[in-house]
$ cat model25.cif   # mmCIF, C-alpha atoms
data_protein
#
loop_
_atom_site.group_PDB
_atom_site.id
_atom_site.type_symbol
_atom_site.label_atom_id
_atom_site.label_comp_id
_atom_site.auth_asym_id
_atom_site.auth_seq_id
_atom_site.Cartn_x
_atom_site.Cartn_y
_atom_site.Cartn_z
ATOM 1 C CA MET A 5 0.000 0.000 0.000
ATOM 2 C CA GLU A 6 2.851 2.394 0.798
ATOM 3 C CA LYS A 7 4.441 1.671 -2.582
ATOM 4 C CA ASP A 8 1.126 2.423 -4.346
ATOM 5 C CA CYS A 9 0.775 5.731 -2.471
ATOM 6 C CA PHE A 10 4.324 6.695 -3.394
ATOM 7 C CA SER A 11 3.773 5.981 -7.087
ATOM 8 C CA PHE A 12 0.431 7.860 -7.054
ATOM 9 C CA VAL A 13 2.045 10.936 -5.544
ATOM 10 C CA ARG A 14 4.855 10.815 -8.120
ATOM 11 C CA LYS A 15 2.264 10.862 -10.950
ATOM 12 C CA CYS A 16 0.121 13.590 -9.340
ATOM 13 C CA HIS A 17 0.127 16.851 -11.300
ATOM 14 C CA GLN A 18 0.084 19.045 -8.132
ATOM 15 C CA PHE A 19 3.129 17.222 -6.783
ATOM 16 C CA GLN A 20 4.971 17.804 -10.040
ATOM 17 C CA ILE A 21 4.255 21.565 -9.849
ATOM 18 C CA HIS A 22 4.756 22.171 -6.104
ATOM 19 C CA GLY A 23 7.171 19.362 -5.248
ATOM 20 C CA ASP A 24 10.529 19.910 -3.598
ATOM 21 C CA LEU A 25 12.879 20.357 -6.528
ATOM 22 C CA ILE A 26 16.457 21.119 -5.618
ATOM 23 C CA HIS A 27 18.303 22.489 -8.616
ATOM 24 C CA ALA A 28 21.348 23.842 -6.796
ATOM 25 C CA PRO A 29 24.457 21.669 -6.851
ATOM 26 C CA PRO A 30 25.797 20.511 -3.487
ATOM 27 C CA SER A 31 28.312 22.878 -1.937
ATOM 28 C CA GLU A 32 30.944 22.646 0.752
ATOM 29 C CA LEU A 33 29.839 23.309 4.348
ATOM 30 C CA HIS A 34 31.569 26.070 6.276
ATOM 31 C CA PRO A 35 32.145 26.126 10.043
ATOM 32 C CA MET A 36 30.086 28.561 12.089
ATOM 33 C CA SER A 37 31.767 31.647 13.523
ATOM 34 C CA ALA A 38 30.108 31.129 16.920
ATOM 35 C CA PRO A 39 29.774 27.434 17.770
ATOM 36 C CA TRP A 40 27.548 27.948 20.845
ATOM 37 C CA PRO A 41 25.655 30.762 22.597
ATOM 38 C CA PHE A 42 27.443 33.646 24.312
ATOM 39 C CA VAL A 43 30.887 32.953 22.826
ATOM 40 C CA ALA A 44 31.073 35.856 20.373
ATOM 41 C CA TRP A 45 29.444 39.269 20.782
ATOM 42 C CA GLY A 46 29.219 42.231 18.447
ATOM 43 C CA MET A 47 29.166 45.630 20.140
ATOM 44 C CA ASP A 48 28.500 49.147 18.839
ATOM 45 C CA VAL A 49 27.238 52.572 19.868
ATOM 46 C CA ILE A 50 24.107 54.033 18.255
ATOM 47 C CA GLY A 51 23.753 57.762 18.336
ATOM 48 C CA PRO A 52 23.627 60.560 19.048
ATOM 49 C CA ILE A 53 19.857 60.309 19.001
ATOM 50 C CA LYS A 54 18.105 63.538 18.038
ATOM 51 C CA SER A 55 15.198 63.329 20.466
ATOM 52 C CA LYS A 56 16.434 62.991 24.018
ATOM 53 C CA ALA A 57 14.881 60.414 26.299
ATOM 54 C CA SER A 58 13.207 61.522 29.519
ATOM 55 C CA ASN A 59 16.459 60.929 31.382
ATOM 56 C CA GLU A 60 18.516 63.058 28.913
ATOM 57 C CA HIS A 61 20.270 59.991 27.454
ATOM 58 C CA ARG A 62 21.420 60.491 23.871
ATOM 59 C CA VAL A 63 23.315 57.295 22.904
ATOM 60 C CA ILE A 64 22.541 53.572 22.986
ATOM 61 C CA LEU A 65 25.173 50.898 23.552
ATOM 62 C CA VAL A 66 24.160 47.593 21.962
ATOM 63 C CA ALA A 67 25.730 44.136 22.212
ATOM 64 C CA ILE A 68 24.393 41.205 20.135
ATOM 65 C CA ASP A 69 25.315 37.542 20.566
ATOM 66 C CA TYR A 70 26.338 36.079 17.201
ATOM 67 C CA PHE A 71 24.823 32.624 17.805
ATOM 68 C CA ILE A 72 21.312 33.213 19.169
ATOM 69 C CA LYS A 73 21.063 36.942 18.374
ATOM 70 C CA TRP A 74 20.442 37.861 22.024
ATOM 71 C CA VAL A 75 20.496 41.651 22.465
ATOM 72 C CA GLU A 76 21.727 43.627 25.438
ATOM 73 C CA ALA A 77 21.211 47.395 25.224
ATOM 74 C CA VAL A 78 21.569 50.355 27.556
ATOM 75 C CA THR A 79 21.312 54.129 27.144
ATOM 76 C CA PHE A 80 23.841 56.735 28.263
ATOM 77 C CA LYS A 81 24.122 60.522 28.381
ATOM 78 C CA ALA A 82 27.686 60.258 27.100
ATOM 79 C CA VAL A 83 29.825 57.319 26.043
ATOM 80 C CA THR A 84 32.832 56.913 28.315
ATOM 81 C CA LYS A 85 35.430 54.190 28.621
ATOM 82 C CA LYS A 86 34.311 53.375 32.168
ATOM 83 C CA ALA A 87 30.679 53.080 31.021
ATOM 84 C CA MET A 88 31.760 50.595 28.330
ATOM 85 C CA VAL A 89 33.676 48.469 30.810
ATOM 86 C CA ASP A 90 30.808 48.523 33.312
ATOM 87 C CA PHE A 91 28.383 47.485 30.553
ATOM 88 C CA VAL A 92 30.580 44.588 29.437
ATOM 89 C CA HIS A 93 31.017 43.429 33.013
ATOM 90 C CA SER A 94 27.398 43.734 34.171
ATOM 91 C CA SER A 95 25.476 42.938 30.974
ATOM 92 C CA ILE A 96 27.696 40.356 29.303
ATOM 93 C CA ILE A 97 30.103 38.701 31.736
ATOM 94 C CA CYS A 98 27.834 38.587 34.811
ATOM 95 C CA ARG A 99 24.755 37.455 32.855
ATOM 96 C CA SER A 100 26.170 34.985 30.340
ATOM 97 C CA GLY A 101 29.717 34.209 31.434
ATOM 98 C CA ILE A 102 33.085 35.020 29.964
ATOM 99 C CA CYS A 103 32.949 35.269 26.196
ATOM 100 C CA LYS A 104 35.703 34.386 23.759
ATOM 101 C CA THR A 105 35.451 37.423 21.459
ATOM 102 C CA ILE A 106 33.880 40.868 21.362
ATOM 103 C CA ILE A 107 33.802 42.357 17.879
ATOM 104 C CA THR A 108 33.707 46.159 17.640
ATOM 105 C CA ASP A 109 34.367 48.847 15.052
ATOM 106 C CA ASN A 110 37.569 49.858 16.910
ATOM 107 C CA ALA A 111 36.113 53.120 18.193
ATOM 108 C CA ALA A 112 38.232 54.796 20.858
ATOM 109 C CA ASN A 113 35.764 54.096 23.665
ATOM 110 C CA LEU A 114 35.430 50.430 22.709
ATOM 111 C CA ASN A 115 39.150 49.942 22.159
ATOM 112 C CA SER A 116 40.557 51.412 25.370
ATOM 113 C CA TYR A 117 43.123 50.164 27.844
ATOM 114 C CA LEU A 118 40.257 49.487 30.308
ATOM 115 C CA MET A 119 38.609 47.102 27.823
ATOM 116 C CA ARG A 120 41.947 45.334 27.256
ATOM 117 C CA GLU A 121 42.395 45.068 31.019
ATOM 118 C CA VAL A 122 38.941 43.506 31.436
ATOM 119 C CA SER A 123 39.562 41.070 28.584
ATOM 120 C CA ASN A 124 42.950 40.006 29.940
ATOM 121 C CA ASN A 125 41.636 39.285 33.461
#

$ encode --input "model25.cif" --output "structure tokens"
Amino acid sequence: MEKDCFSFVRKCHQFQIHGDLIHAPPSELHPMSAPWPFVAWGMDVIGPIKSKASNEHRVILVAIDYFIKWVEAVTFKAVTKKAMVDFVHSSIICRSGICKTIITDNAANLNSYLMREVSNN
């Protein structure tokens, strides 16, 4: 009976139109950049924002996990090196553990001696 069903489906006009047809040749698989959650984070500053928030904050610091796309964000009045380090410590390390890499755009506040000190400890 299963064989008859299979042959019927193969002859069915709707199956021929909407069937799974893979026309792309097989390609080589590539390893993932982040093999498990909370290993690699991307971090950047958004702003200055034109309309101030109620607490006068004008910039947003965002960190996104590369594997599960988890977002951590916080607002600041001004972006300082100490604020960056405190954010990394409280929002990334304390919540999800020590990560392997943090990818930034090499801005001065994200590439400071404080950040190197935190990453080396």

$ resolve_selection --input "model25.cif" --expression "the PyMOL selection byres ((chain A and resi 42) around 10)" --output "ChimeraX atom specification"
/A:38-41,43-45,68-74,96-97,99-105

$ write_last_selection --input "model25.cif" --atoms "C-alpha atoms" --output "compact mmCIF listing (two decimals), in the frame of the given file"
# COMPACT_ATOMS: atom_id res chain seq x y z
CA ALA A 38 30.11 31.13 16.92
CA PRO A 39 29.77 27.43 17.77
CA TRP A 40 27.55 27.95 20.84
CA PRO A 41 25.66 30.76 22.60
CA VAL A 43 30.89 32.95 22.83
CA ALA A 44 31.07 35.86 20.37
CA TRP A 45 29.44 39.27 20.78
CA ILE A 68 24.39 41.20 20.14
CA ASP A 69 25.32 37.54 20.57
CA TYR A 70 26.34 36.08 17.20
CA PHE A 71 24.82 32.62 17.80
CA ILE A 72 21.31 33.21 19.17
CA LYS A 73 21.06 36.94 18.37
CA TRP A 74 20.44 37.86 22.02
CA ILE A 96 27.70 40.36 29.30
CA ILE A 97 30.10 38.70 31.74
CA ARG A 99 24.76 37.46 32.85
CA SER A 100 26.17 34.98 30.34
CA GLY A 101 29.72 34.21 31.43
CA ILE A 102 33.08 35.02 29.96
CA CYS A 103 32.95 35.27 26.20
CA LYS A 104 35.70 34.39 23.76
CA THR A 105 35.45 37.42 21.46

$ closest_residue --input "model25.cif" --among "A:Asp109, A:Phe80, A:Val13, A:Ile21" --to "His61 (chain A)" --atoms "only C-alpha atoms"
A:Phe80

$ resolve_selection --input "model25.cif" --expression "the PyMOL selection byres ((chain A and resi 50) around 7)" --output "PyMOL selection string"
chain A and resi 48-49+51-52+63-65

$ write_last_selection --input "model25.cif" --atoms "C-alpha atoms" --output "PDB file, in the coordinates of the input"
ATOM      1  CA  ASP A  48      28.500  49.147  18.839  1.00  0.00           C
ATOM      2  CA  VAL A  49      27.238  52.572  19.868  1.00  0.00           C
ATOM      3  CA  GLY A  51      23.753  57.762  18.336  1.00  0.00           C
ATOM      4  CA  PRO A  52      23.627  60.560  19.048  1.00  0.00           C
ATOM      5  CA  VAL A  63      23.315  57.295  22.904  1.00  0.00           C
ATOM      6  CA  ILE A  64      22.541  53.572  22.986  1.00  0.00           C
ATOM      7  CA  LEU A  65      25.173  50.898  23.552  1.00  0.00           C
TER       8      LEU A  65
END

$ atom_distance --input "model25.cif" --atom1 "CA of Arg62 (chain A)" --atom2 "CA of Val78 (chain A)"
10.8 Å

$ closest_residue --input "model25.cif" --among "A:Ser31, A:Thr108, A:Gln18, A:Asn59" --to "Met88 (chain A)" --atoms "all atoms listed in the file"
A:Thr108

$ closest_residue --input "model25.cif" --among "A:Met47, A:Ile107, A:Ile53, A:Val66" --to "Lys81 (chain A)" --atoms "only C-alpha atoms"
A:Ile53

$ atom_distance --input "model25.cif" --atom1 "CA of Pro29 (chain A)" --atom2 "CA of Lys7 (chain A)"
28.6 Å

$ atom_distance --input "model25.cif" --atom1 "CA of His17 (chain A)" --atom2 "CA of Pro30 (chain A)"
27.1 Å
